[in-house]
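model.pdb (PDB, C-alpha atoms) appears below.
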MODEL        1
ATOM      1  CA  MET A   1      96.425  99.108  79.631
ATOM      2  CA  GLU A   2      99.492  98.309  77.578
ATOM      3  CA  VAL A   3     100.755  94.764  77.865
ATOM      4  CA  LEU A   4     103.588  94.529  80.344
ATOM      5  CA  SER A   5     107.079  95.176  78.965
ATOM      6  CA  GLN A   6     106.430  95.785  75.295
ATOM      7  CA  THR A   7     109.232  93.650  73.944
ATOM      8  CA  VAL A   8     109.585  92.352  70.424
ATOM      9  CA  ASN A   9     109.514  88.737  71.522
ATOM     10  CA  ILE A  10     106.830  88.296  74.165
ATOM     11  CA  LEU A  11     107.456  84.559  74.242
ATOM     12  CA  ASP A  12     110.939  85.238  75.575
ATOM     13  CA  ASN A  13     109.332  86.937  78.602
ATOM     14  CA  PHE A  14     107.024  83.977  79.047
ATOM     15  CA  ASN A  15     109.854  81.470  79.018
ATOM     16  CA  HIS A  16     111.395  83.047  82.115
ATOM     17  CA  ILE A  17     108.160  82.976  84.121
ATOM     18  CA  LYS A  18     106.856  79.883  85.854
ATOM     19  CA  THR A  19     103.514  78.280  85.241
ATOM     20  CA  CYS A  20     101.417  76.190  87.584
ATOM     21  CA  LYS A  21      98.353  74.003  87.556
ATOM     22  CA  PRO A  22      95.635  76.327  88.843
ATOM     23  CA  SER A  23      93.164  75.057  91.386
ATOM     24  CA  SER A  24      89.694  74.717  89.959
ATOM     25  CA  ARG A  25      88.317  75.114  93.451
ATOM     26  CA  ILE A  26      86.792  78.472  94.353
ATOM     27  CA  PHE A  27      87.104  78.773  98.110
ATOM     28  CA  THR A  28      83.778  79.825  99.596
ATOM     29  CA  ALA A  29      84.785  79.410 103.247
ATOM     30  CA  ILE A  30      86.921  82.555 103.494
ATOM     31  CA  PRO A  31      86.369  83.930 107.024
ATOM     32  CA  VAL A  32      84.463  87.215 106.806
ATOM     33  CA  VAL A  33      84.827  89.738 109.617
ATOM     34  CA  ASP A  34      82.224  92.476 109.911
ATOM     35  CA  PHE A  35      83.613  95.342 111.973
ATOM     36  CA  SER A  36      80.096  96.071 113.206
ATOM     37  CA  ASP A  37      79.765  92.526 114.584
ATOM     38  CA  PRO A  38      80.187  92.239 118.392
ATOM     39  CA  ASP A  39      81.947  88.908 117.784
ATOM     40  CA  ALA A  40      84.489  90.397 115.355
ATOM     41  CA  LYS A  41      87.405  89.878 117.789
ATOM     42  CA  THR A  42      86.656  86.178 118.172
ATOM     43  CA  LYS A  43      86.268  85.662 114.431
ATOM     44  CA  ILE A  44      89.569  87.397 113.698
ATOM     45  CA  VAL A  45      91.497  85.208 116.130
ATOM     46  CA  GLU A  46      89.846  82.029 114.857
ATOM     47  CA  ALA A  47      90.666  82.993 111.265
ATOM     48  CA  CYS A  48      94.291  83.782 112.126
ATOM     49  CA  LYS A  49      94.692  80.365 113.746
ATOM     50  CA  GLU A  50      92.962  78.340 111.036
ATOM     51  CA  PHE A  51      93.848  80.187 107.824
ATOM     52  CA  GLY A  52      96.111  83.144 108.575
ATOM     53  CA  PHE A  53      93.737  84.989 106.283
ATOM     54  CA  PHE A  54      90.376  86.762 106.448
ATOM     55  CA  LYS A  55      88.202  89.329 104.691
ATOM     56  CA  VAL A  56      87.032  92.540 106.355
ATOM     57  CA  ILE A  57      83.743  94.254 105.493
ATOM     58  CA  ASN A  58      82.147  97.408 106.934
ATOM     59  CA  HIS A  59      85.689  98.665 107.414
ATOM     60  CA  ARG A  60      85.092 102.438 107.312
ATOM     61  CA  VAL A  61      87.833 103.072 104.747
ATOM     62  CA  PRO A  62      86.232 105.505 102.240
ATOM     63  CA  ILE A  63      85.434 103.704  98.980
ATOM     64  CA  GLU A  64      85.887 107.018  97.116
ATOM     65  CA  LEU A  65      89.513 107.152  98.288
ATOM     66  CA  VAL A  66      90.132 103.589  97.132
ATOM     67  CA  ALA A  67      88.571 104.282  93.735
ATOM     68  CA  LYS A  68      90.651 107.441  93.229
ATOM     69  CA  LEU A  69      93.855 105.639  94.107
ATOM     70  CA  GLU A  70      93.084 102.791  91.726
ATOM     71  CA  SER A  71      92.359 105.319  88.974
ATOM     72  CA  GLU A  72      95.712 107.038  89.544
ATOM     73  CA  ALA A  73      97.470 103.670  89.598
ATOM     74  CA  VAL A  74      95.903 102.790  86.244
ATOM     75  CA  LYS A  75      97.132 106.121  84.852
ATOM     76  CA  PHE A  76     100.647 105.364  85.999
ATOM     77  CA  PHE A  77     100.714 101.844  84.556
ATOM     78  CA  ASN A  78      99.334 103.255  81.289
ATOM     79  CA  LEU A  79     102.460 105.375  80.847
ATOM     80  CA  SER A  80     104.968 104.311  78.224
ATOM     81  CA  GLN A  81     107.455 101.708  79.365
ATOM     82  CA  SER A  82     110.333 104.180  79.151
ATOM     83  CA  ASP A  83     108.471 106.693  81.332
ATOM     84  CA  LYS A  84     107.765 104.034  83.940
ATOM     85  CA  GLU A  85     111.366 102.858  83.903
ATOM     86  CA  ASN A  86     112.371 106.370  85.002
ATOM     87  CA  PHE A  87     110.968 105.458  88.433
ATOM     88  CA  GLY A  88     113.020 102.268  88.735
ATOM     89  CA  PRO A  89     114.634 100.106  89.763
ATOM     90  CA  PRO A  90     112.857  99.331  93.060
ATOM     91  CA  ASN A  91     115.949  99.599  95.242
ATOM     92  CA  PRO A  92     114.620  99.950  97.845
ATOM     93  CA  CYS A  93     111.567 101.666  96.350
ATOM     94  CA  GLY A  94     110.430 102.494  92.839
ATOM     95  CA  TYR A  95     109.105 100.828  89.700
ATOM     96  CA  GLY A  96     109.680  97.136  89.043
ATOM     97  CA  ASN A  97     108.926  95.071  85.958
ATOM     98  CA  ARG A  98     108.874  91.242  86.101
ATOM     99  CA  LYS A  99     111.815  90.996  88.515
ATOM    100  CA  ILE A 100     110.704  90.358  92.116
ATOM    101  CA  GLY A 101     113.529  90.932  94.562
ATOM    102  CA  PRO A 102     117.259  90.399  93.909
ATOM    103  CA  ASN A 103     117.381  86.593  93.854
ATOM    104  CA  GLY A 104     116.041  85.629  90.453
ATOM    105  CA  ASP A 105     112.275  85.503  91.097
ATOM    106  CA  VAL A 106     110.146  86.770  88.215
ATOM    107  CA  GLY A 107     106.434  87.085  87.524
ATOM    108  CA  TRP A 108     103.980  88.508  85.013
ATOM    109  CA  VAL A 109     103.666  91.711  87.022
ATOM    110  CA  GLU A 110     104.766  95.304  87.172
ATOM    111  CA  TYR A 111     104.611  97.276  90.383
ATOM    112  CA  LEU A 112     105.328 100.520  92.168
ATOM    113  CA  LEU A 113     106.870 100.131  95.619
ATOM    114  CA  PHE A 114     106.756 102.903  98.202
ATOM    115  CA  GLY A 115     109.127 102.852 101.175
ATOM    116  CA  SER A 116     108.470 104.389 104.575
ATOM    117  CA  MET A 117     110.032 107.351 106.305
ATOM    118  CA  ASN A 118     108.664 108.874 109.502
ATOM    119  CA  ALA A 119     105.223 107.304 109.025
ATOM    120  CA  GLN A 120     104.866 108.698 105.486
ATOM    121  CA  LEU A 121     105.538 106.762 102.318
ATOM    122  CA  ILE A 122     108.030 108.172  99.869
ATOM    123  CA  LEU A 123     108.912 107.690  96.234
ATOM    124  CA  PRO A 124     110.917 110.564  94.738
ATOM    125  CA  GLY A 125     109.565 112.072  91.534
ATOM    126  CA  ILE A 126     106.092 110.573  91.676
ATOM    127  CA  SER A 127     103.134 112.840  90.873
ATOM    128  CA  GLU A 128     101.842 114.878  93.791
ATOM    129  CA  ASN A 129      98.306 113.578  93.299
ATOM    130  CA  LEU A 130      99.364 109.920  93.425
ATOM    131  CA  TRP A 131     101.669 110.557  96.379
ATOM    132  CA  SER A 132      98.860 112.307  98.294
ATOM    133  CA  LEU A 133      96.344 109.536  97.576
ATOM    134  CA  VAL A 134      98.826 106.841  98.593
ATOM    135  CA  ASN A 135      99.479 108.519 101.922
ATOM    136  CA  ASP A 136      95.779 109.095 102.615
ATOM    137  CA  TYR A 137      95.033 105.483 101.748
ATOM    138  CA  VAL A 138      97.898 104.098 103.812
ATOM    139  CA  SER A 139      96.886 106.229 106.783
ATOM    140  CA  ALA A 140      93.336 104.818 106.645
ATOM    141  CA  VAL A 141      94.534 101.232 106.209
ATOM    142  CA  ARG A 142      97.143 101.610 108.966
ATOM    143  CA  ASN A 143      94.376 102.669 111.347
ATOM    144  CA  MET A 144      92.379  99.598 110.334
ATOM    145  CA  VAL A 145      95.397  97.345 110.951
ATOM    146  CA  CYS A 146      95.896  98.863 114.406
ATOM    147  CA  GLU A 147      92.226  98.316 115.161
ATOM    148  CA  VAL A 148      92.537  94.652 114.171
ATOM    149  CA  LEU A 149      95.692  94.190 116.265
ATOM    150  CA  GLU A 150      93.978  95.725 119.299
ATOM    151  CA  MET A 151      91.015  93.404 118.844
ATOM    152  CA  ILE A 152      93.441  90.480 118.736
ATOM    153  CA  THR A 153      95.098  91.703 121.939
ATOM    154  CA  GLU A 154      91.754  91.976 123.705
ATOM    155  CA  GLU A 155      90.560  88.563 122.551
ATOM    156  CA  LEU A 156      93.805  86.844 123.569
ATOM    157  CA  LYS A 157      93.917  88.850 126.834
ATOM    158  CA  ILE A 158      97.559  89.765 126.375
ATOM    159  CA  GLY A 159      97.335  93.472 127.323
ATOM    160  CA  PRO A 160      98.209  96.272 127.341
ATOM    161  CA  LYS A 161      95.863  97.029 124.482
ATOM    162  CA  ASP A 162      98.578  98.509 122.277
ATOM    163  CA  VAL A 163     101.147  95.736 122.798
ATOM    164  CA  LEU A 164     100.869  94.868 119.089
ATOM    165  CA  SER A 165      99.436  98.035 117.511
ATOM    166  CA  ARG A 166     102.264 100.178 118.915
ATOM    167  CA  LEU A 167     104.610  98.410 116.497
ATOM    168  CA  ILE A 168     102.641  99.842 113.567
ATOM    169  CA  LYS A 169     101.824 103.210 115.158
ATOM    170  CA  ASP A 170     105.485 103.892 115.922
ATOM    171  CA  GLU A 171     106.803 106.620 113.635
ATOM    172  CA  LYS A 172     109.794 104.357 112.951
ATOM    173  CA  SER A 173     107.516 101.524 111.794
ATOM    174  CA  ASP A 174     109.141  99.872 108.798
ATOM    175  CA  SER A 175     105.975  99.545 106.740
ATOM    176  CA  CYS A 176     105.714  99.729 102.977
ATOM    177  CA  PHE A 177     103.100  99.851 100.242
ATOM    178  CA  ARG A 178     102.958  98.344  96.765
ATOM    179  CA  LEU A 179     100.721  98.967  93.760
ATOM    180  CA  ASN A 180     100.613  95.924  91.459
ATOM    181  CA  HIS A 181      99.487  95.565  87.860
ATOM    182  CA  TYR A 182      99.040  92.094  86.377
ATOM    183  CA  PRO A 183      98.404  92.652  82.654
ATOM    184  CA  PRO A 184      96.203  90.278  80.683
ATOM    185  CA  CYS A 185      98.178  87.880  78.552
ATOM    186  CA  PRO A 186      96.039  86.859  75.567
ATOM    187  CA  GLU A 187      99.125  86.151  73.433
ATOM    188  CA  ILE A 188     100.011  83.214  75.669
ATOM    189  CA  GLN A 189      97.576  80.341  75.573
ATOM    190  CA  PRO A 190      98.102  78.220  78.704
ATOM    191  CA  VAL A 191      99.422  74.800  77.760
ATOM    192  CA  ASN A 192      98.334  71.566  79.396
ATOM    193  CA  GLY A 193      95.924  73.515  81.564
ATOM    194  CA  ARG A 194      98.745  75.473  83.187
ATOM    195  CA  THR A 195      98.587  79.185  83.968
ATOM    196  CA  LEU A 196     101.241  81.895  84.022
ATOM    197  CA  ILE A 197     102.277  82.993  87.529
ATOM    198  CA  GLY A 198     101.911  86.693  88.240
ATOM    199  CA  PHE A 199     103.511  86.607  91.701
ATOM    200  CA  GLY A 200     104.990  83.370  93.027
ATOM    201  CA  GLU A 201     104.008  81.616  96.228
ATOM    202  CA  HIS A 202     105.359  83.158  99.428
ATOM    203  CA  THR A 203     104.536  84.328 102.915
ATOM    204  CA  ASP A 204     104.819  87.966 103.983
ATOM    205  CA  PRO A 205     107.575  88.596 106.544
ATOM    206  CA  GLN A 206     105.853  91.510 108.304
ATOM    207  CA  ILE A 207     103.177  91.472 111.053
ATOM    208  CA  LEU A 208     100.034  91.925 108.949
ATOM    209  CA  SER A 209      99.522  92.793 105.308
ATOM    210  CA  VAL A 210      96.317  94.136 103.809
ATOM    211  CA  LEU A 211      95.302  93.541 100.201
ATOM    212  CA  ARG A 212      92.655  95.190  98.088
ATOM    213  CA  SER A 213      92.190  94.504  94.368
ATOM    214  CA  ASN A 214      89.808  95.182  91.530
ATOM    215  CA  ASN A 215      87.283  92.503  90.571
ATOM    216  CA  THR A 216      89.705  90.383  88.540
ATOM    217  CA  SER A 217      90.466  86.983  90.046
ATOM    218  CA  GLY A 218      93.976  85.636  90.578
ATOM    219  CA  LEU A 219      94.708  85.489  94.308
ATOM    220  CA  GLN A 220      95.156  82.015  95.765
ATOM    221  CA  ILE A 221      95.976  80.858  99.295
ATOM    222  CA  CYS A 222      97.376  77.563 100.537
ATOM    223  CA  LEU A 223      95.326  75.725 103.156
ATOM    224  CA  GLN A 224      96.888  73.772 106.004
ATOM    225  CA  ASP A 225      96.604  70.517 104.042
ATOM    226  CA  GLY A 226      98.631  72.010 101.178
ATOM    227  CA  THR A 227      95.656  72.574  98.863
ATOM    228  CA  TRP A 228      95.693  75.752  96.787
ATOM    229  CA  VAL A 229      92.321  77.500  96.537
ATOM    230  CA  SER A 230      91.155  80.594  94.653
ATOM    231  CA  VAL A 231      89.905  83.594  96.602
ATOM    232  CA  PRO A 232      86.857  85.240  95.001
ATOM    233  CA  PRO A 233      87.706  88.913  94.329
ATOM    234  CA  ASP A 234      85.783  91.651  96.114
ATOM    235  CA  HIS A 235      86.782  95.208  95.250
ATOM    236  CA  SER A 236      84.877  96.698  98.184
ATOM    237  CA  SER A 237      86.565  94.633 100.909
ATOM    238  CA  PHE A 238      90.033  94.105 102.332
ATOM    239  CA  PHE A 239      91.901  90.834 102.729
ATOM    240  CA  PHE A 240      94.277  90.414 105.684
ATOM    241  CA  ASN A 241      97.322  88.124 105.667
ATOM    242  CA  VAL A 242      99.069  87.034 108.850
ATOM    243  CA  GLY A 243     102.804  87.603 108.397
ATOM    244  CA  ASP A 244     105.807  85.647 109.643
ATOM    245  CA  SER A 245     106.459  88.112 112.467
ATOM    246  CA  LEU A 246     102.984  87.654 113.924
ATOM    247  CA  GLN A 247     103.401  83.883 113.716
ATOM    248  CA  VAL A 248     106.526  84.245 115.871
ATOM    249  CA  ILE A 249     104.921  86.717 118.293
ATOM    250  CA  THR A 250     102.030  84.275 118.892
ATOM    251  CA  ASN A 251     104.451  81.325 119.121
ATOM    252  CA  GLY A 252     102.834  79.592 116.176
ATOM    253  CA  ARG A 253      99.220  80.041 117.278
ATOM    254  CA  PHE A 254      98.619  82.198 114.218
ATOM    255  CA  ARG A 255      99.860  80.915 110.868
ATOM    256  CA  SER A 256     101.557  82.993 108.230
ATOM    257  CA  VAL A 257      99.562  82.277 105.099
ATOM    258  CA  ARG A 258     101.280  81.126 101.895
ATOM    259  CA  HIS A 259      99.739  82.849  98.868
ATOM    260  CA  ARG A 260     100.329  83.564  95.187
ATOM    261  CA  VAL A 261      98.760  85.368  92.217
ATOM    262  CA  LEU A 262      97.913  83.779  88.853
ATOM    263  CA  THR A 263      97.400  85.755  85.663
ATOM    264  CA  HIS A 264      94.189  86.205  83.718
ATOM    265  CA  SER A 265      94.244  85.782  79.946
ATOM    266  CA  LEU A 266      91.739  88.562  79.255
ATOM    267  CA  LYS A 267      91.503  90.918  82.223
ATOM    268  CA  SER A 268      93.933  93.229  83.932
ATOM    269  CA  ARG A 269      94.314  92.897  87.706
ATOM    270  CA  VAL A 270      95.242  95.905  89.826
ATOM    271  CA  SER A 271      95.949  95.431  93.509
ATOM    272  CA  MET A 272      97.283  97.501  96.389
ATOM    273  CA  VAL A 273      99.038  95.980  99.379
ATOM    274  CA  TYR A 274      99.999  97.570 102.682
ATOM    275  CA  PHE A 275     102.687  95.705 104.635
ATOM    276  CA  GLY A 276     102.614  96.559 108.336
ATOM    277  CA  GLY A 277     106.099  96.101 109.769
ATOM    278  CA  PRO A 278     107.681  97.010 113.121
ATOM    279  CA  PRO A 279     110.627  99.364 113.674
ATOM    280  CA  LEU A 280     113.913  97.905 112.428
ATOM    281  CA  SER A 281     115.327  97.627 115.956
ATOM    282  CA  GLU A 282     112.237  95.890 117.394
ATOM    283  CA  LYS A 283     112.916  92.475 118.924
ATOM    284  CA  ILE A 284     110.531  89.830 117.578
ATOM    285  CA  THR A 285     109.809  87.004 120.001
ATOM    286  CA  ALA A 286     106.853  85.156 121.486
ATOM    287  CA  LEU A 287     104.913  87.299 123.958
ATOM    288  CA  SER A 288     105.472  86.032 127.497
ATOM    289  CA  SER A 289     101.926  87.096 128.425
ATOM    290  CA  LEU A 290     100.617  84.616 125.855
ATOM    291  CA  MET A 291     102.788  81.680 126.849
ATOM    292  CA  GLU A 292     101.397  78.900 129.005
ATOM    293  CA  ASP A 293     103.338  77.387 131.911
ATOM    294  CA  GLY A 294     106.161  75.244 130.569
ATOM    295  CA  GLU A 295     105.593  76.291 126.957
ATOM    296  CA  GLU A 296     108.783  76.552 124.932
ATOM    297  CA  ARG A 297     109.416  79.264 122.394
ATOM    298  CA  LEU A 298     109.391  77.837 118.871
ATOM    299  CA  TYR A 299     111.679  80.512 117.415
ATOM    300  CA  GLU A 300     114.852  82.292 118.364
ATOM    301  CA  GLU A 301     114.506  85.977 119.168
ATOM    302  CA  PHE A 302     115.554  88.310 116.351
ATOM    303  CA  THR A 303     115.232  91.950 115.451
ATOM    304  CA  TRP A 304     113.025  92.925 112.539
ATOM    305  CA  SER A 305     116.132  94.219 110.780
ATOM    306  CA  GLU A 306     117.822  90.815 111.116
ATOM    307  CA  TYR A 307     114.799  88.948 109.808
ATOM    308  CA  LYS A 308     114.183  91.388 106.979
ATOM    309  CA  LYS A 309     117.776  91.040 105.765
ATOM    310  CA  SER A 310     117.549  87.256 106.022
ATOM    311  CA  ALA A 311     114.172  87.108 104.248
ATOM    312  CA  TYR A 312     115.277  89.215 101.322
ATOM    313  CA  LYS A 313     118.315  87.003 100.747
ATOM    314  CA  THR A 314     116.045  84.039 100.018
ATOM    315  CA  ARG A 315     113.875  83.066  97.079
ATOM    316  CA  LEU A 316     110.166  83.842  97.351
ATOM    317  CA  GLY A 317     108.979  80.306  97.999
ATOM    318  CA  GLU A 318     111.500  79.357 100.678
ATOM    319  CA  ASN A 319     110.552  78.786 104.314
ATOM    320  CA  ARG A 320     112.089  81.971 105.655
ATOM    321  CA  LEU A 321     111.284  81.202 109.277
ATOM    322  CA  GLY A 322     113.024  77.846 109.075
ATOM    323  CA  LEU A 323     116.402  79.421 109.837
ATOM    324  CA  PHE A 324     115.055  80.757 113.129
ATOM    325  CA  GLU A 325     113.276  77.656 114.389
ATOM    326  CA  LYS A 326     114.796  76.362 117.618
ATOM    327  CA  SER A 327     114.851  72.877 116.106
ATOM    328  CA  ALA A 328     117.136  74.233 113.378
ATOM    329  CA  GLY A 329     120.064  73.987 115.777
ATOM    330  CA  HIS A 330     120.246  77.574 117.026
TER     331      HIS A 330
ENDMDL
END

Exercise: express the given structure as structure tokens:
Amino acid sequence: MEVLSQTVNILDNFNHIKTCKPSSRIFTAIPVVDFSDPDAKTKIVEACKEFGFFKVINHRVPIELVAKLESEAVKFFNLSQSDKENFGPPNPCGYGNRKIGPNGDVGWVEYLLFGSMNAQLILPGISENLWSLVNDYVSAVRNMVCEVLEMITEELKIGPKDVLSRLIKDEKSDSCFRLNHYPPCPEIQPVNGRTLIGFGEHTDPQILSVLRSNNTSGLQICLQDGTWVSVPPDHSSFFFNVGDSLQVITNGRFRSVRHRVLTHSLKSRVSMVYFGGPPLSEKITALSSLMEDGEERLYEEFTWSEYKKSAYKTRLGENRLGLFEKSAGH
């Protein structure tokens, strides 16, 4: 793949992108959920409470579909920079290069963002083959997300079964999908043991997000004690992130996981992320069926549209939920 943004002065790009001290710790305690395991529901809920993060195996999403989509993504990112720029800027969907959102965040990444419309993902002008593969992939992953949400509902005994999954199944679900490419950066030798940031630390505002990447490392999550740990890559599995909305719906029982991506000096990293969001008009609040007697709601009620607008006005690393905490004076 061509190195991201073929500019004359690559160091100028570097100077605008943050570095960090990477954790040398490979995290081997990632919760693994086997869909064929009778205890899968329990393991999912435990993982959501402790980490806000887990890996799914035996997921029934066709590996051939995943491989084809990755191949098409590689073809797209191999296009000339000018050809790729024809699909940008990502407002609200399209091609993005280094800039992440409208508030000054940057990273060593290029991406292709697909927005949703009537349960299908759209990006005008994209090749029919890529568009078809994206929609087939998203359909399969959406089904997996709904399955996970229904297992959560059953384990927490907060029926009806579709109380959470209906938010994703709804044809007005405000979900989106992003293909990411983190180019290798051999020209930049990390200084003082620091590494270039591909995508800065953040939480996802939606309900659940699902990540799959090739076998290049880079993903890190933040544990409850503030320690950053590296997640071993696994191209055949999916990684689930609890989002801010699910943290609110469970009244803080589940934690929205803070995560980031670091670059690799020699290898390219390609990832695909599905963000499962509710309809824009959906009210997000703690489920009364989950609340214990006398338990207070930790967050003010808001619509997904209100939270989405608020979240995208902030920088990546900010505590987006802080504005909606009851202790914040609302």

Using all atoms listed in the file, determine which residues lie at most 12 Å from Lys99 (chain A), disregarding the query and same-chain residues fewer than 3 positions distant; provide the list as JSON, numbers by chain. {"A": [5, 13, 16, 17, 88, 89, 90, 91, 95, 96, 102, 103, 104, 105, 106, 107, 108, 109, 110, 111, 198, 199, 200, 315, 316]}

In the coordinate frame of the file, compute which residues have an atom within 8 Å of (105.3, 94.4, 109.1) when using all atoms listed in the file, and state them as an NGL selection string. :A and (168 or 173-175 or 205-209 or 243 or 245 or 275-278)

I'd like to know which of A:Ile158, A:Ser139, A:Ile57, A:Ser305 is closest to Arg212 (chain A), using only C-alpha atoms.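 Nearest candidate to Arg212 (chain A) out of A:Ile158, A:Ser139, A:Ile57, A:Ser305: A:Ile57.
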
Selected by the PyMOL selection byres ((chain A and resi 126) around 12) in the shown coordinates: which residues, as a PyMOL selection string? chain A and resi 72-73+76+83-84+86-88+93-95+112-114+121-125+127-134

Distance of CA of Leu246 (chain A) from CA of Arg297 (chain A), expressed in Å to one decimal place: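 Separating CA of Arg297 (chain A) from CA of Leu246 (chain A) is a distance of 13.5 Å.
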
So which residues touch Pro184 (chain A) within 6 Å, counting all atoms listed in the file, skipping near sequence neighbours fewer than 4 positions away, as a PyMOL selection string? chain A and resi 264-268

Need a file for region 31-96 of chain A from that block: C-alpha atoms, written as a PDB file, in the first residue's frame.
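Written output follows (result.pdb):
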ATOM      1  CA  PRO A  31     -12.550 -12.265  27.819  1.00  0.00           C
ATOM      2  CA  VAL A  32     -13.300 -14.773  25.058  1.00  0.00           C
ATOM      3  CA  VAL A  33     -16.915 -15.644  24.302  1.00  0.00           C
ATOM      4  CA  ASP A  34     -17.619 -18.802  22.328  1.00  0.00           C
ATOM      5  CA  PHE A  35     -21.092 -18.610  20.811  1.00  0.00           C
ATOM      6  CA  SER A  36     -21.358 -22.387  21.114  1.00  0.00           C
ATOM      7  CA  ASP A  37     -20.754 -22.201  24.879  1.00  0.00           C
ATOM      8  CA  PRO A  38     -23.911 -22.601  27.032  1.00  0.00           C
ATOM      9  CA  ASP A  39     -22.409 -20.036  29.423  1.00  0.00           C
ATOM     10  CA  ALA A  40     -21.876 -17.418  26.695  1.00  0.00           C
ATOM     11  CA  LYS A  41     -24.561 -15.092  28.135  1.00  0.00           C
ATOM     12  CA  THR A  42     -22.929 -15.041  31.561  1.00  0.00           C
ATOM     13  CA  LYS A  43     -19.466 -14.440  30.125  1.00  0.00           C
ATOM     14  CA  ILE A  44     -20.689 -11.546  27.988  1.00  0.00           C
ATOM     15  CA  VAL A  45     -22.292  -9.773  30.939  1.00  0.00           C
ATOM     16  CA  GLU A  46     -19.247 -10.319  33.149  1.00  0.00           C
ATOM     17  CA  ALA A  47     -16.970  -8.948  30.422  1.00  0.00           C
ATOM     18  CA  CYS A  48     -19.178  -5.892  29.880  1.00  0.00           C
ATOM     19  CA  LYS A  49     -19.062  -5.098  33.597  1.00  0.00           C
ATOM     20  CA  GLU A  50     -15.336  -5.657  34.093  1.00  0.00           C
ATOM     21  CA  PHE A  51     -13.805  -4.511  30.798  1.00  0.00           C
ATOM     22  CA  GLY A  52     -16.504  -3.216  28.461  1.00  0.00           C
ATOM     23  CA  PHE A  53     -14.719  -5.365  25.912  1.00  0.00           C
ATOM     24  CA  PHE A  54     -14.633  -8.990  24.763  1.00  0.00           C
ATOM     25  CA  LYS A  55     -13.690 -11.237  21.853  1.00  0.00           C
ATOM     26  CA  VAL A  56     -16.196 -13.457  20.053  1.00  0.00           C
ATOM     27  CA  ILE A  57     -15.252 -16.767  18.424  1.00  0.00           C
ATOM     28  CA  ASN A  58     -17.414 -19.327  16.595  1.00  0.00           C
ATOM     29  CA  HIS A  59     -19.498 -16.371  15.465  1.00  0.00           C
ATOM     30  CA  ARG A  60     -20.977 -17.777  12.235  1.00  0.00           C
ATOM     31  CA  VAL A  61     -19.997 -14.744  10.151  1.00  0.00           C
ATOM     32  CA  PRO A  62     -18.548 -16.247   6.925  1.00  0.00           C
ATOM     33  CA  ILE A  63     -14.760 -15.849   6.870  1.00  0.00           C
ATOM     34  CA  GLU A  64     -14.893 -15.756   3.044  1.00  0.00           C
ATOM     35  CA  LEU A  65     -17.055 -12.620   3.221  1.00  0.00           C
ATOM     36  CA  VAL A  66     -14.636 -10.957   5.628  1.00  0.00           C
ATOM     37  CA  ALA A  67     -11.654 -11.822   3.433  1.00  0.00           C
ATOM     38  CA  LYS A  68     -13.347 -10.461   0.296  1.00  0.00           C
ATOM     39  CA  LEU A  69     -14.236  -7.215   2.015  1.00  0.00           C
ATOM     40  CA  GLU A  70     -10.701  -6.752   3.303  1.00  0.00           C
ATOM     41  CA  SER A  71      -9.365  -7.392  -0.204  1.00  0.00           C
ATOM     42  CA  GLU A  72     -11.679  -4.741  -1.667  1.00  0.00           C
ATOM     43  CA  ALA A  73     -10.708  -2.318   1.094  1.00  0.00           C
ATOM     44  CA  VAL A  74      -7.031  -2.839   0.268  1.00  0.00           C
ATOM     45  CA  LYS A  75      -7.803  -2.121  -3.397  1.00  0.00           C
ATOM     46  CA  PHE A  76      -9.498   1.119  -2.460  1.00  0.00           C
ATOM     47  CA  PHE A  77      -6.689   2.316  -0.191  1.00  0.00           C
ATOM     48  CA  ASN A  78      -4.204   1.428  -2.948  1.00  0.00           C
ATOM     49  CA  LEU A  79      -5.793   4.003  -5.253  1.00  0.00           C
ATOM     50  CA  SER A  80      -3.904   7.216  -5.892  1.00  0.00           C
ATOM     51  CA  GLN A  81      -4.418   9.907  -3.292  1.00  0.00           C
ATOM     52  CA  SER A  82      -6.282  12.114  -5.760  1.00  0.00           C
ATOM     53  CA  ASP A  83      -8.677   9.281  -6.641  1.00  0.00           C
ATOM     54  CA  LYS A  84      -9.388   8.629  -2.975  1.00  0.00           C
ATOM     55  CA  GLU A  85      -9.932  12.315  -2.291  1.00  0.00           C
ATOM     56  CA  ASN A  86     -12.785  12.213  -4.820  1.00  0.00           C
ATOM     57  CA  PHE A  87     -14.772  10.315  -2.170  1.00  0.00           C
ATOM     58  CA  GLY A  88     -14.181  12.918   0.540  1.00  0.00           C
ATOM     59  CA  PRO A  89     -14.533  14.708   2.778  1.00  0.00           C
ATOM     60  CA  PRO A  90     -16.355  12.454   5.275  1.00  0.00           C
ATOM     61  CA  ASN A  91     -19.251  14.824   5.897  1.00  0.00           C
ATOM     62  CA  PRO A  92     -21.159  12.895   7.037  1.00  0.00           C
ATOM     63  CA  CYS A  93     -19.766   9.951   5.064  1.00  0.00           C
ATOM     64  CA  GLY A  94     -16.884   9.483   2.660  1.00  0.00           C
ATOM     65  CA  TYR A  95     -13.094   9.323   2.596  1.00  0.00           C
ATOM     66  CA  GLY A  96     -11.016  10.861   5.372  1.00  0.00           C
TER      67      GLY A  96
END
